[in-house]
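**Q** Here it is, the structure, as structure tokens.
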Amino acid sequence: MRGFALVNCTIYSPAEKYEALVVLRNKVLKVGAEKEILKTAKSLNLKTYDLNGATVVPGFIDAHLHLAGLGFSLAQLDLRNITSIEELKKVVAEEASRKSPGAWILGRGWDQEKFAEKRFPTRWDLDEAAPRNPVFLKRVCGHVAVANSLALKAAGISKKTPDPPGGVIDRDDKGEPTGILRESALEYIYRVIAQKPEEYLDAIKKASHKLLSEGVTCVAAVSCDFYELKALFQLSRKGEIPLKVRAYVNYSVFIKLKDIVPPDISLGPVSLAGVKLLLDGSLGGRTAYLKEPYSDDPSTRGVLLISENKLKEILRDISHYGWQPAVHTIGDAALEIYLNSLKMLSFSRPRVEHASLTPPELLDLMSELKVLPVVQPHFIISDFWVVERLGERAKYVYAFKSMIKRGLKIAFSTDAPVEPSNPLQTVEAAVTRGEGLVELAEVTPYEKLSVNEALNAYTVGSAYACRLENSCGRIKEGFSADLIILDKDPHKVNPGEISSLKVLATIVDGKVVYGTLNLRKTSE
């Protein structure tokens with residue numbers, strides 16, 4: 001398609017508002033009043049599409065998700081809505097009835113806080129449900145999982161297996177593994193079930209098509225291993241990546257690449273961006289590293305996965321080679337360690353992934369160091385238990401408005417498959433803050449964002465965090481024609497209905513990659 005014009009629509013850039021636009025090849029040529037756009041389209045002999053009152057916004061940029069992981073999860077059990085261990089066992093048993101003996105059963109999304117039994121599932125629960133199949137089910141956060149006896153045996157985990165550095169194998173009072181694995185202990189299972197390299201190609205394609213249907217035109221694919229990175233460039237070389245990808249590799253990949261390739265090297269829509277590090281765990285698994293013990297479990301402050309000295313050494317290395325750091329810090333103690341480590345280093349836009357617990361003094365330090373918070377508003381909904389878990393500290397959780405007031409440029413993301421990949425659910429969570437659904441909404445109503453602030457974070461903010469602000473994130477003359485068409489205006493619907501809006505079309509680099517522009521075609 002050489003180009004086209006869109007009229008009879010409302011266009012948000014996201015702060016500016018227009019009536020119509022012209023796309024020529026892969027760029028936005030012009031935005032403005034409909035009369036001017038029609039005249040331009042006619043002079044260039046371009047098709048004009050009447051959008052019948054629809055709304056056009058920049059394509060969503062998910063600044064932190066696991067692209068291959070999302071694709072793999074689409075073929076696994078979705079356990080997000082399970083409300084008891086008995087229900088979990090039933091779902092696993094049904095899956096086992098469809099599989100041959102010895103075949104792995106994989107799933108993700110359970111949360112022990114939702115279970116009627118109010119406890120973690122165990123290997124013995126899963127043994128009852130699937131005695132002939134190894135079972136491995138990750139908690140919603142991805143930092144904790146449960147495995148049955150066959151899975152533990154396949155991974156070589158027994159009573160004698162020591163806890164790995166940065167991980168925990170839960171045990172009963174006799175020292176027997178319960179099946180619950182935390183943080184790096186999950187690696188025992190990952191080594192056994194590792195996907196084949198060719199499976200990454202299919203997973204990335206499946207995830208990409210799902211994201212396009214939800215209006216995502218660009219992603220930061222974090223924690224990329226060699227298989228995922230190789231698959232991304234292989235698909236890009238074949239022209240089979242329909243969205244833009246910024247790759248943030250894990251540290252082991254960086255070590256092997258740092259003397260070979262520079263950051264920002266690209267092939268088509270795929271480019272290298274930075275290094276993803278895990279400094280602590282999750283609030284859900286009580287492995288996020290806190291300054292003070294958990295309010296609902298005073299026996300623990302969580303887990304620090306990298307020592308402060310080692311973190312400084314790693315960050316110096318990343319800085320020397322000019323890569324962008326993207327460091328996972330959820331607990332306030334982990335965040336403080338990261339920020340203090342940055343003080344003596346020179347970085348272009350250091351990112352902090354999640355920044356879940358941010359008391360005022362840490363927000364001030366983030367602002368001073370110009371750190372970029374990459375946040376996940378849907379955590380507000382999923383972490384419905386957070387007030388009980390953190391007590392008084394909950395008033396500093398997911399403090400998005402406070403971040404903006406301090407001049408921080410926040411970026412939005414889903415961390416999919418941790419959270420649903422649909423950006424409209426994320427926007428709704430940021431705007432409503434789970435009002436009527438979660439206790440945190442009552443504790444922190446002042447942290448709600450406006451629709452425009454949320455859209456800005458998902459476009460302009462995410463583009464900046466991914467160092468794409470000169471080409472993406474706005475509907476602006478000369479910018480990439482990355483657009484989505486919504487059936488309704490998110491500014492005008494009830495905030496609790498934003499997630500029900502429909503994506504009618506997704507456009508990447510001027511090409512319609514999902515849906516159609518033929519809402520009401522007026523001329524050729």
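Just remember, in the structure tokens the first chain shown is A, the second B, etc., residues are 1-based per chain, and ligands are 1-based in the order shown.
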Excluding same-chain residues fewer than 3 positions from Ile318 (chain A), what lies within 10 Å of it counting only C-alpha atoms, as JSON, numbers by chain?
**A** {"A": [251, 254, 255, 258, 274, 275, 312, 313, 314, 315, 321, 322, 323, 324, 325, 347]}
**Q** Tell me, as a short mmCIF file (atom, residue, chain, number, x, y, z; two decimals) with all heavy atoms, in the first residue's frame, which residues lie within 9 Å of Pro242 (chain A), counting only C-alpha atoms; anything in the same chain fewer than 6 positions away does not count.
**A**
data_model
loop_
_atom_site.label_atom_id
_atom_site.label_comp_id
_atom_site.auth_asym_id
_atom_site.auth_seq_id
_atom_site.Cartn_x
_atom_site.Cartn_y
_atom_site.Cartn_z
N LYS A 205 5.97 -15.94 16.75
CA LYS A 205 4.95 -15.58 15.76
C LYS A 205 3.56 -15.58 16.39
O LYS A 205 2.75 -14.68 16.13
CB LYS A 205 5.01 -16.53 14.56
CG LYS A 205 6.21 -16.27 13.66
CD LYS A 205 6.10 -16.96 12.31
CE LYS A 205 6.35 -18.44 12.41
NZ LYS A 205 6.43 -19.08 11.07
N SER A 208 3.25 -12.52 18.62
CA SER A 208 3.17 -11.29 17.83
C SER A 208 1.78 -11.07 17.26
O SER A 208 1.25 -9.95 17.31
CB SER A 208 4.20 -11.34 16.68
OG SER A 208 5.51 -11.43 17.19
N HIS A 209 1.17 -12.10 16.74
CA HIS A 209 -0.17 -11.95 16.15
C HIS A 209 -1.21 -11.64 17.23
O HIS A 209 -2.14 -10.85 17.00
CB HIS A 209 -0.53 -13.20 15.37
CG HIS A 209 0.24 -13.35 14.09
ND1 HIS A 209 0.19 -12.41 13.07
CD2 HIS A 209 1.12 -14.30 13.68
CE1 HIS A 209 0.99 -12.78 12.09
NE2 HIS A 209 1.57 -13.92 12.43
N LEU A 212 -0.70 -7.91 18.10
CA LEU A 212 -1.23 -7.02 17.06
C LEU A 212 -2.74 -6.90 17.14
O LEU A 212 -3.31 -5.83 16.94
CB LEU A 212 -0.81 -7.52 15.68
CG LEU A 212 0.67 -7.41 15.34
CD1 LEU A 212 0.98 -8.14 14.05
CD2 LEU A 212 1.11 -5.95 15.24
N THR A 217 2.08 -2.40 18.80
CA THR A 217 2.87 -2.30 17.57
C THR A 217 4.37 -2.42 17.81
O THR A 217 5.15 -2.57 16.87
CB THR A 217 2.59 -0.96 16.87
OG1 THR A 217 2.88 0.12 17.78
CG2 THR A 217 1.13 -0.87 16.43
N SER A 236 13.14 -11.88 11.51
CA SER A 236 13.27 -10.55 10.90
C SER A 236 13.90 -10.64 9.52
O SER A 236 13.47 -9.96 8.58
CB SER A 236 14.12 -9.66 11.82
OG SER A 236 14.21 -8.36 11.29
N PRO A 269 12.95 -4.83 11.79
CA PRO A 269 12.25 -4.26 12.96
C PRO A 269 12.82 -4.72 14.30
O PRO A 269 12.32 -4.32 15.35
CB PRO A 269 10.83 -4.76 12.78
CG PRO A 269 10.97 -6.07 12.09
CD PRO A 269 12.15 -5.90 11.16
N VAL A 508 1.22 -0.99 11.27
CA VAL A 508 2.64 -0.88 11.60
C VAL A 508 3.39 -0.44 10.35
O VAL A 508 3.29 -1.07 9.29
CB VAL A 508 3.21 -2.22 12.10
CG1 VAL A 508 4.70 -2.08 12.40
CG2 VAL A 508 2.47 -2.69 13.36
N VAL A 513 -1.84 -4.59 9.57
CA VAL A 513 -1.40 -5.93 9.96
C VAL A 513 -2.47 -6.67 10.77
O VAL A 513 -2.33 -7.84 11.09
CB VAL A 513 -0.09 -5.88 10.76
CG1 VAL A 513 1.08 -5.47 9.86
CG2 VAL A 513 -0.21 -4.91 11.94
#
**Q** Check the DSSP output for the backbone and give back, as a ChimeraX atom specification, the residues of region 40-160 of chain A in strand (DSSP E).
**A** /A:47-50,55-58,60-65,77-78,105-110,135-139,144-147
**Q** With N, CA, C and O atoms retained, could you export that selection as a CSV table (one decimal), in the first residue's frame?
**A**
chain,number,residue,atom,x,y,z
A,47,LYS,N,-6.0,6.6,-1.5
A,47,LYS,CA,-7.3,6.1,-1.0
A,47,LYS,C,-7.6,6.9,0.2
A,47,LYS,O,-6.8,7.2,1.1
A,48,THR,N,-8.9,7.2,0.4
A,48,THR,CA,-9.4,7.8,1.6
A,48,THR,C,-10.4,6.9,2.3
A,48,THR,O,-11.3,6.4,1.6
A,49,TYR,N,-10.2,6.7,3.6
A,49,TYR,CA,-11.1,5.8,4.3
A,49,TYR,C,-11.9,6.6,5.3
A,49,TYR,O,-11.3,7.3,6.1
A,50,ASP,N,-13.2,6.5,5.3
A,50,ASP,CA,-14.1,7.1,6.3
A,50,ASP,C,-14.1,6.1,7.5
A,50,ASP,O,-14.6,5.0,7.3
A,55,THR,N,-11.9,6.1,16.7
A,55,THR,CA,-10.8,6.8,17.4
A,55,THR,C,-9.5,6.2,17.0
A,55,THR,O,-9.3,5.0,16.9
A,56,VAL,N,-8.5,7.1,16.6
A,56,VAL,CA,-7.2,6.7,16.2
A,56,VAL,C,-6.2,7.1,17.3
A,56,VAL,O,-6.2,8.3,17.7
A,57,VAL,N,-5.4,6.2,17.8
A,57,VAL,CA,-4.3,6.6,18.7
A,57,VAL,C,-3.0,5.9,18.3
A,57,VAL,O,-3.0,5.0,17.4
A,58,PRO,N,-1.9,6.4,18.8
A,58,PRO,CA,-0.6,5.7,18.5
A,58,PRO,C,-0.6,4.2,18.9
A,58,PRO,O,-1.3,3.9,19.9
A,60,PHE,N,0.3,1.0,20.7
A,60,PHE,CA,0.8,0.7,22.1
A,60,PHE,C,2.2,0.2,22.0
A,60,PHE,O,2.5,-0.7,21.2
A,61,ILE,N,3.0,0.6,22.9
A,61,ILE,CA,4.4,0.1,23.0
A,61,ILE,C,4.5,-0.6,24.4
A,61,ILE,O,4.5,0.1,25.4
A,62,ASP,N,4.6,-1.9,24.4
A,62,ASP,CA,4.7,-2.6,25.7
A,62,ASP,C,6.2,-2.6,26.0
A,62,ASP,O,7.0,-3.3,25.4
A,63,ALA,N,6.5,-1.9,27.0
A,63,ALA,CA,8.0,-1.7,27.3
A,63,ALA,C,8.6,-2.8,28.1
A,63,ALA,O,9.8,-2.7,28.4
A,64,HIS,N,7.8,-3.9,28.4
A,64,HIS,CA,8.4,-5.0,29.2
A,64,HIS,C,7.5,-6.2,29.1
A,64,HIS,O,6.5,-6.2,29.8
A,65,LEU,N,7.8,-7.1,28.3
A,65,LEU,CA,7.1,-8.4,28.3
A,65,LEU,C,8.1,-9.5,27.8
A,65,LEU,O,9.2,-9.2,27.4
A,77,LEU,N,-1.6,-24.5,30.3
A,77,LEU,CA,-2.8,-24.3,31.1
A,77,LEU,C,-2.8,-22.9,31.7
A,77,LEU,O,-1.8,-22.4,32.3
A,78,ASP,N,-3.9,-22.1,31.5
A,78,ASP,CA,-4.1,-20.8,32.1
A,78,ASP,C,-4.8,-21.0,33.5
A,78,ASP,O,-6.0,-21.4,33.5
A,105,ILE,N,3.0,-31.8,31.7
A,105,ILE,CA,1.8,-30.8,31.9
A,105,ILE,C,2.4,-29.5,32.4
A,105,ILE,O,3.0,-29.5,33.5
A,106,LEU,N,2.2,-28.5,31.7
A,106,LEU,CA,2.8,-27.2,32.0
A,106,LEU,C,1.6,-26.2,32.2
A,106,LEU,O,0.6,-26.2,31.4
A,107,GLY,N,1.8,-25.3,33.1
A,107,GLY,CA,0.7,-24.2,33.3
A,107,GLY,C,1.3,-23.1,34.0
A,107,GLY,O,2.4,-23.1,34.6
A,108,ARG,N,0.5,-22.0,34.1
A,108,ARG,CA,0.9,-20.8,34.7
A,108,ARG,C,-0.3,-20.0,35.2
A,108,ARG,O,-1.3,-20.0,34.5
A,109,GLY,N,-0.1,-19.2,36.3
A,109,GLY,CA,-1.1,-18.2,36.7
A,109,GLY,C,-1.8,-18.4,38.0
A,109,GLY,O,-2.6,-17.6,38.4
A,110,TRP,N,-1.5,-19.6,38.7
A,110,TRP,CA,-2.1,-19.8,40.0
A,110,TRP,C,-1.6,-18.8,41.0
A,110,TRP,O,-0.5,-18.3,41.0
A,135,VAL,N,4.4,-32.8,36.2
A,135,VAL,CA,3.6,-31.5,36.2
A,135,VAL,C,4.5,-30.4,36.7
A,135,VAL,O,5.2,-30.5,37.8
A,136,PHE,N,4.4,-29.2,36.1
A,136,PHE,CA,5.2,-28.0,36.5
A,136,PHE,C,4.3,-26.8,36.2
A,136,PHE,O,3.9,-26.5,35.1
A,137,LEU,N,3.9,-26.2,37.3
A,137,LEU,CA,2.9,-25.1,37.3
A,137,LEU,C,3.5,-23.8,37.9
A,137,LEU,O,3.8,-23.8,39.1
A,138,LYS,N,3.7,-22.8,37.1
A,138,LYS,CA,4.3,-21.6,37.7
A,138,LYS,C,3.2,-20.7,38.3
A,138,LYS,O,2.1,-20.6,37.8
A,139,ARG,N,3.6,-20.0,39.4
A,139,ARG,CA,2.7,-19.0,40.0
A,139,ARG,C,2.5,-17.9,39.1
A,139,ARG,O,3.3,-17.7,38.1
A,144,VAL,N,7.8,-18.3,41.5
A,144,VAL,CA,7.5,-19.5,42.3
A,144,VAL,C,6.8,-20.5,41.5
A,144,VAL,O,6.0,-20.1,40.6
A,145,ALA,N,7.0,-21.8,41.7
A,145,ALA,CA,6.3,-22.8,40.9
A,145,ALA,C,6.1,-24.0,41.8
A,145,ALA,O,6.8,-24.2,42.9
A,146,VAL,N,5.2,-24.9,41.4
A,146,VAL,CA,5.0,-26.2,42.1
A,146,VAL,C,5.2,-27.3,41.1
A,146,VAL,O,4.8,-27.2,39.9
A,147,ALA,N,5.9,-28.3,41.5
A,147,ALA,CA,6.2,-29.5,40.6
A,147,ALA,C,5.8,-30.7,41.4
A,147,ALA,O,5.9,-30.8,42.6
**Q** Work out how far apart CA of Ala68 (chain A) and CA of Asn250 (chain A) are and give it in Å to one decimal.
**A** 13.7 Å
**Q** Tell me, as a list of chain:residue names, which residues lie within 12 Å of Arg119 (chain A), counting only C-alpha atoms; anything in the same chain fewer than 4 positions away does not count.
**A**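 The residues that qualify are A:Thr83, A:Ser84, A:Ile85, A:Glu86, A:Trp110, A:Asp111, A:Gln112, A:Glu113, A:Lys114, A:Phe115, A:Asp125, A:Ile180, A:Gly285.
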**Q** Skip region 299-302 of chain A itself and residues of its chain fewer than 5 positions away, then list as a PDB file with N, CA, C and O atoms, in the first residue's frame all residues within 8 Å of it, counting only C-alpha atoms.
**A**
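After the write, part.pdb holds the following:
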ATOM      1  N   ASP A 280      15.680  -8.900  42.620  1.00  0.00           N
ATOM      2  CA  ASP A 280      14.909  -9.575  43.663  1.00  0.00           C
ATOM      3  C   ASP A 280      13.750 -10.324  43.031  1.00  0.00           C
ATOM      4  O   ASP A 280      13.718 -10.510  41.807  1.00  0.00           O
ATOM      5  N   GLY A 281      12.799 -10.777  43.853  1.00  0.00           N
ATOM      6  CA  GLY A 281      11.707 -11.607  43.358  1.00  0.00           C
ATOM      7  C   GLY A 281      10.389 -10.871  43.258  1.00  0.00           C
ATOM      8  O   GLY A 281      10.321  -9.776  42.707  1.00  0.00           O
ATOM      9  N   ARG A 286       6.605 -13.513  48.163  1.00  0.00           N
ATOM     10  CA  ARG A 286       7.351 -12.973  49.306  1.00  0.00           C
ATOM     11  C   ARG A 286       8.860 -13.092  49.090  1.00  0.00           C
ATOM     12  O   ARG A 286       9.626 -13.349  50.028  1.00  0.00           O
ATOM     13  N   THR A 287       9.277 -12.921  47.832  1.00  0.00           N
ATOM     14  CA  THR A 287      10.710 -12.933  47.523  1.00  0.00           C
ATOM     15  C   THR A 287      11.215 -11.563  47.076  1.00  0.00           C
ATOM     16  O   THR A 287      12.413 -11.393  46.847  1.00  0.00           O
ATOM     17  N   ALA A 288      10.307 -10.568  46.943  1.00  0.00           N
ATOM     18  CA  ALA A 288      10.761  -9.198  46.718  1.00  0.00           C
ATOM     19  C   ALA A 288      11.518  -8.757  47.969  1.00  0.00           C
ATOM     20  O   ALA A 288      11.103  -9.047  49.098  1.00  0.00           O
ATOM     21  N   TYR A 289      12.632  -8.043  47.779  1.00  0.00           N
ATOM     22  CA  TYR A 289      13.540  -7.737  48.890  1.00  0.00           C
ATOM     23  C   TYR A 289      13.149  -6.410  49.548  1.00  0.00           C
ATOM     24  O   TYR A 289      13.256  -5.341  48.950  1.00  0.00           O
ATOM     25  N   LEU A 290      12.678  -6.492  50.807  1.00  0.00           N
ATOM     26  CA  LEU A 290      12.147  -5.344  51.531  1.00  0.00           C
ATOM     27  C   LEU A 290      13.112  -4.859  52.609  1.00  0.00           C
ATOM     28  O   LEU A 290      13.924  -5.626  53.132  1.00  0.00           O
ATOM     29  N   LYS A 291      12.969  -3.588  52.972  1.00  0.00           N
ATOM     30  CA  LYS A 291      13.759  -3.048  54.079  1.00  0.00           C
ATOM     31  C   LYS A 291      13.320  -3.641  55.410  1.00  0.00           C
ATOM     32  O   LYS A 291      14.135  -3.879  56.305  1.00  0.00           O
ATOM     33  N   GLU A 292      12.025  -3.851  55.548  1.00  0.00           N
ATOM     34  CA  GLU A 292      11.457  -4.428  56.766  1.00  0.00           C
ATOM     35  C   GLU A 292      10.718  -5.707  56.403  1.00  0.00           C
ATOM     36  O   GLU A 292      10.289  -5.871  55.259  1.00  0.00           O
ATOM     37  N   PRO A 293      10.519  -6.610  57.364  1.00  0.00           N
ATOM     38  CA  PRO A 293       9.852  -7.880  57.071  1.00  0.00           C
ATOM     39  C   PRO A 293       8.431  -7.691  56.527  1.00  0.00           C
ATOM     40  O   PRO A 293       7.796  -6.647  56.724  1.00  0.00           O
ATOM     41  N   TYR A 294       7.951  -8.714  55.845  1.00  0.00           N
ATOM     42  CA  TYR A 294       6.577  -8.706  55.341  1.00  0.00           C
ATOM     43  C   TYR A 294       5.601  -8.616  56.506  1.00  0.00           C
ATOM     44  O   TYR A 294       5.771  -9.289  57.534  1.00  0.00           O
TER      45      TYR A 294
END
**Q** Leaving out Cys218 (chain A) and any residue of its chain fewer than 4 positions from it, which residues lie within 6 Å of it when counting only C-alpha atoms, given as a ChimeraX atom specification?
**A** /A:61,243-245
**Q** When you draw a straight line from CA of Phe4 (chain A) to CA of Cys472 (chain A), how long is it in Å?
**A**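 Between CA of Phe4 (chain A) and CA of Cys472 (chain A) the gap works out to 19.0 Å.
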